[in-house]
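Structure file target.cif (mmCIF, C-alpha atoms) follows.
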```cif
data_entry
#
loop_
_atom_site.group_PDB
_atom_site.id
_atom_site.type_symbol
_atom_site.label_atom_id
_atom_site.label_comp_id
_atom_site.auth_asym_id
_atom_site.auth_seq_id
_atom_site.Cartn_x
_atom_site.Cartn_y
_atom_site.Cartn_z
ATOM 1 C CA MET Y 1 23.349 51.628 147.792
ATOM 2 C CA LEU Y 2 27.120 52.065 147.842
ATOM 3 C CA VAL Y 3 30.063 49.930 146.737
ATOM 4 C CA ARG Y 4 31.054 49.412 150.391
ATOM 5 C CA ASP Y 5 27.695 47.676 150.924
ATOM 6 C CA ALA Y 6 28.287 45.183 148.116
ATOM 7 C CA MET Y 7 32.039 44.588 147.997
ATOM 8 C CA SER Y 8 33.867 41.539 149.277
ATOM 9 C CA THR Y 9 36.396 42.520 151.906
ATOM 10 C CA LEU Y 10 38.133 39.147 151.998
ATOM 11 C CA VAL Y 11 40.291 39.511 148.913
ATOM 12 C CA LEU Y 12 42.544 36.836 147.472
ATOM 13 C CA THR Y 13 46.006 38.346 147.066
ATOM 14 C CA ILE Y 14 48.712 36.630 145.045
ATOM 15 C CA GLY Y 15 52.178 37.501 143.840
ATOM 16 C CA PRO Y 16 53.498 38.040 140.323
ATOM 17 C CA ASP Y 17 55.446 34.785 140.315
ATOM 18 C CA HIS Y 18 52.557 32.429 141.045
ATOM 19 C CA THR Y 19 51.860 30.130 138.123
ATOM 20 C CA LEU Y 20 48.489 30.380 136.457
ATOM 21 C CA ARG Y 21 47.673 26.903 137.779
ATOM 22 C CA GLN Y 22 48.442 28.017 141.340
ATOM 23 C CA ALA Y 23 46.321 31.130 140.860
ATOM 24 C CA ALA Y 24 43.466 29.084 139.399
ATOM 25 C CA ALA Y 25 43.606 26.609 142.302
ATOM 26 C CA LEU Y 26 43.505 29.419 144.865
ATOM 27 C CA MET Y 27 40.679 31.194 143.053
ATOM 28 C CA SER Y 28 38.712 27.956 142.769
ATOM 29 C CA ALA Y 29 39.212 27.111 146.446
ATOM 30 C CA ARG Y 30 38.000 30.581 147.468
ATOM 31 C CA ARG Y 31 35.231 30.540 144.849
ATOM 32 C CA VAL Y 32 36.260 33.921 143.437
ATOM 33 C CA GLY Y 33 36.660 35.097 139.864
ATOM 34 C CA ALA Y 34 39.539 37.511 140.457
ATOM 35 C CA ALA Y 35 42.667 37.929 142.522
ATOM 36 C CA LEU Y 36 44.556 41.033 143.496
ATOM 37 C CA VAL Y 37 48.171 40.848 142.287
ATOM 38 C CA LEU Y 38 50.685 42.796 144.329
ATOM 39 C CA ASP Y 39 53.778 43.464 142.245
ATOM 40 C CA PRO Y 40 56.044 46.238 143.512
ATOM 41 C CA ASP Y 41 58.221 45.911 140.377
ATOM 42 C CA ALA Y 42 55.251 46.609 138.050
ATOM 43 C CA GLY Y 43 53.917 49.594 139.919
ATOM 44 C CA GLY Y 44 51.814 48.048 142.641
ATOM 45 C CA ILE Y 45 48.305 46.641 142.322
ATOM 46 C CA GLY Y 46 46.974 44.618 139.424
ATOM 47 C CA ILE Y 47 44.187 42.125 138.882
ATOM 48 C CA LEU Y 48 44.118 38.609 137.470
ATOM 49 C CA THR Y 49 40.729 37.245 136.450
ATOM 50 C CA GLU Y 50 39.402 33.873 135.433
ATOM 51 C CA ARG Y 51 39.138 35.264 131.898
ATOM 52 C CA ASP Y 52 42.886 36.001 131.885
ATOM 53 C CA ILE Y 53 43.615 32.378 132.792
ATOM 54 C CA LEU Y 54 41.116 31.073 130.234
ATOM 55 C CA ASN Y 55 42.648 33.224 127.478
ATOM 56 C CA SER Y 56 46.117 31.879 128.264
ATOM 57 C CA VAL Y 57 44.998 28.256 128.222
ATOM 58 C CA GLY Y 58 43.013 28.912 125.044
ATOM 59 C CA LEU Y 59 46.221 30.093 123.383
ATOM 60 C CA GLY Y 60 47.879 26.799 124.285
ATOM 61 C CA GLN Y 61 50.099 28.266 126.991
ATOM 62 C CA ASN Y 62 51.157 26.004 129.848
ATOM 63 C CA PRO Y 63 49.478 27.005 133.135
ATOM 64 C CA ASP Y 64 52.316 25.314 135.034
ATOM 65 C CA THR Y 65 54.946 27.645 133.582
ATOM 66 C CA GLU Y 66 53.041 30.836 132.805
ATOM 67 C CA ARG Y 67 53.394 33.404 135.594
ATOM 68 C CA THR Y 68 50.664 35.733 136.729
ATOM 69 C CA HIS Y 69 52.724 38.850 135.997
ATOM 70 C CA ALA Y 70 52.477 38.100 132.262
ATOM 71 C CA HIS Y 71 48.663 38.029 132.420
ATOM 72 C CA THR Y 72 47.871 40.656 135.056
ATOM 73 C CA THR Y 73 45.978 43.810 134.164
ATOM 74 C CA ASN Y 74 48.000 46.671 135.602
ATOM 75 C CA ASN Y 75 46.062 49.625 134.181
ATOM 76 C CA VAL Y 76 43.242 48.991 136.618
ATOM 77 C CA VAL Y 77 40.136 51.107 137.105
ATOM 78 C CA PHE Y 78 39.673 51.475 140.847
ATOM 79 C CA ALA Y 79 36.442 52.154 142.702
ATOM 80 C CA ALA Y 80 35.941 54.048 145.931
ATOM 81 C CA PRO Y 81 33.785 52.566 148.686
ATOM 82 C CA THR Y 82 31.591 55.670 148.431
ATOM 83 C CA TRP Y 83 30.725 55.104 144.761
ATOM 84 C CA THR Y 84 27.127 54.173 144.105
ATOM 85 C CA LEU Y 85 26.472 50.751 142.621
ATOM 86 C CA GLU Y 86 25.278 52.566 139.513
ATOM 87 C CA GLU Y 87 28.698 54.248 139.172
ATOM 88 C CA ALA Y 88 30.452 50.899 139.583
ATOM 89 C CA ALA Y 89 28.165 49.224 137.041
ATOM 90 C CA GLN Y 90 28.761 52.059 134.559
ATOM 91 C CA ALA Y 91 32.550 51.753 134.962
ATOM 92 C CA MET Y 92 32.342 47.995 134.378
ATOM 93 C CA ALA Y 93 30.089 48.369 131.335
ATOM 94 C CA HIS Y 94 32.268 51.129 129.874
ATOM 95 C CA GLY Y 95 35.514 49.190 130.461
ATOM 96 C CA GLY Y 96 34.179 45.754 129.530
ATOM 97 C CA PHE Y 97 35.211 44.046 132.771
ATOM 98 C CA ARG Y 98 33.413 42.378 135.659
ATOM 99 C CA HIS Y 99 35.512 43.266 138.718
ATOM 100 C CA LEU Y 100 36.652 46.493 140.355
ATOM 101 C CA ILE Y 101 39.301 46.756 143.035
ATOM 102 C CA VAL Y 102 38.069 49.073 145.765
ATOM 103 C CA LEU Y 103 40.629 51.457 147.235
ATOM 104 C CA ASP Y 104 40.120 53.322 150.481
ATOM 105 C CA GLY Y 105 42.806 55.856 151.295
ATOM 106 C CA GLY Y 106 44.998 54.407 148.546
ATOM 107 C CA GLU Y 107 44.912 50.909 150.050
ATOM 108 C CA PRO Y 108 42.952 47.887 148.779
ATOM 109 C CA ALA Y 109 39.724 47.562 150.760
ATOM 110 C CA GLY Y 110 37.905 44.951 148.675
ATOM 111 C CA ILE Y 111 36.655 43.847 145.294
ATOM 112 C CA VAL Y 112 33.199 44.415 143.868
ATOM 113 C CA SER Y 113 31.936 42.252 141.033
ATOM 114 C CA VAL Y 114 28.955 42.297 138.719
ATOM 115 C CA ARG Y 115 27.580 39.402 140.759
ATOM 116 C CA ASP Y 116 27.869 41.444 143.971
ATOM 117 C CA ILE Y 117 25.903 44.273 142.379
ATOM 118 C CA ILE Y 118 23.211 41.913 141.084
ATOM 119 C CA ARG Y 119 22.840 40.378 144.549
ATOM 120 C CA CYS Y 120 22.194 43.834 145.986
ATOM 121 C CA TRP Y 121 19.817 44.913 143.253
ATOM 122 C CA ALA Y 122 17.821 41.681 142.858
ATOM 123 C CA PRO Y 123 16.000 41.786 146.226
ATOM 124 C CA ALA Y 124 15.025 45.415 145.656
ATOM 125 C CA ARG Y 125 13.721 44.617 142.201
ATOM 126 C CA GLN Y 126 11.657 41.686 143.515
ATOM 127 C CA ARG Y 127 9.767 43.934 145.945
ATOM 128 C CA VAL Y 128 8.564 46.269 143.215
ATOM 129 C CA PRO Y 129 4.935 45.447 142.298
ATOM 130 C CA ALA Y 130 4.472 44.353 138.706
#
```
Translate this file's structure into structure tokens.
Amino acid sequence: MLVRDAMSTLVLTIGPDHTLRQAAALMSARRVGAALVLDPDAGGIGILTERDILNSVGLGQNPDTERTHAHTTNNVVFAAPTWTLEEAAQAMAHGGFRHLIVLDGGEPAGIVSVRDIIRCWAPARQRVPA
């Protein structure tokens, strides 16, 4: 199975000047654990995850004044829609993260998460006789 079969194509996109509270509210409303951050001043595409927000709050930073650009990962590992789920899972395990932005022709096409991969693999694993 390929990344394109598992990825979410409806991606939450936010800007670098959103506050962490705004980002958290949008992520919560969409029930997603990551948002794509488009910041032309920082080189393009980054990702903000729930862990980034949690780390900031854990440090005592104010989510009403902290901006996403200060917490965005910009050195992102991107996946291709033609990657296998095994390749995506290996990249996540190697990098220690749970989300991959999927690029198709250099443009964002979706996000694939560990949860997406598990959802694809779980039904197949259930059909295997014990």
Checklist entry - Suppose you want the space between atom CA of Y:Val77 and atom CA of Y:Ala25; what is it in Å? => result 25.3 Å
Using the chain letters and numbering of this document, enumerate as a PDB file with C-alpha atoms, keeping the file's coordinate frame the residues selected by the PyMOL selection byres ((chain Y and resi 44) around 12).
```
ATOM      1  CA  GLY Y  15      52.178  37.501 143.840  1.00  0.00           C
ATOM      2  CA  PRO Y  16      53.498  38.040 140.323  1.00  0.00           C
ATOM      3  CA  LEU Y  36      44.556  41.033 143.496  1.00  0.00           C
ATOM      4  CA  VAL Y  37      48.171  40.848 142.287  1.00  0.00           C
ATOM      5  CA  LEU Y  38      50.685  42.796 144.329  1.00  0.00           C
ATOM      6  CA  ASP Y  39      53.778  43.464 142.245  1.00  0.00           C
ATOM      7  CA  PRO Y  40      56.044  46.238 143.512  1.00  0.00           C
ATOM      8  CA  ASP Y  41      58.221  45.911 140.377  1.00  0.00           C
ATOM      9  CA  ALA Y  42      55.251  46.609 138.050  1.00  0.00           C
ATOM     10  CA  GLY Y  43      53.917  49.594 139.919  1.00  0.00           C
ATOM     11  CA  ILE Y  45      48.305  46.641 142.322  1.00  0.00           C
ATOM     12  CA  GLY Y  46      46.974  44.618 139.424  1.00  0.00           C
ATOM     13  CA  ILE Y  47      44.187  42.125 138.882  1.00  0.00           C
ATOM     14  CA  HIS Y  69      52.724  38.850 135.997  1.00  0.00           C
ATOM     15  CA  THR Y  72      47.871  40.656 135.056  1.00  0.00           C
ATOM     16  CA  THR Y  73      45.978  43.810 134.164  1.00  0.00           C
ATOM     17  CA  ASN Y  74      48.000  46.671 135.602  1.00  0.00           C
ATOM     18  CA  ASN Y  75      46.062  49.625 134.181  1.00  0.00           C
ATOM     19  CA  VAL Y  76      43.242  48.991 136.618  1.00  0.00           C
ATOM     20  CA  GLY Y 106      44.998  54.407 148.546  1.00  0.00           C
ATOM     21  CA  GLU Y 107      44.912  50.909 150.050  1.00  0.00           C
ATOM     22  CA  PRO Y 108      42.952  47.887 148.779  1.00  0.00           C
TER      23      PRO Y 108
END
```
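Among the candidates Y:Ala79, Y:Val32, Y:Ala93, Y:Ala24, the residue lying nearest to Y:Gly105 is Y:Ala79 (atoms considered: all atoms listed in the file).
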Item to check | Non-local contacts of Y:Leu10 (10 Å; only C-alpha atoms; under 5 positions in same chain excluded) as a ChimeraX atom specification | outcome: /Y:30,109-111
Checklist entry - If you apply the PyMOL selection byres ((chain Y and resi 53-55) around 10) to this file, what residues do you get, as a PyMOL selection string? => result chain Y and resi 20-21+23-24+48-52+56-61+63+66+68+71-72
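A straight line drawn from atom CA of Y:Leu103 to atom CA of Y:Gln22 is 25.4 Å long.
Here atom CA of Y:Ser8 is placed at a distance of 16.1 Å from atom CA of Y:Leu26.
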Checklist entry - In terms of the shortest atom-to-atom distance over all atoms listed in the file, which of Y:Ala34, Y:Ala122, Y:Ala70, Y:Ile117 is closest to Y:Gln90? => result Y:Ile117
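Remark: for Y:Glu87, the closest of the candidate residues Y:Val114, Y:Asp104, Y:Thr13, Y:His18 is Y:Val114 (distances computed over all atoms listed in the file).
Using all atoms listed in the file, the protein and nucleic acid residues lying no more than 10 Å from Y:Trp121, apart from those fewer than 5 places from it along its own chain, are Met1, Ala6, Leu85, Arg115, Asp116 and Gln126 of chain Y.
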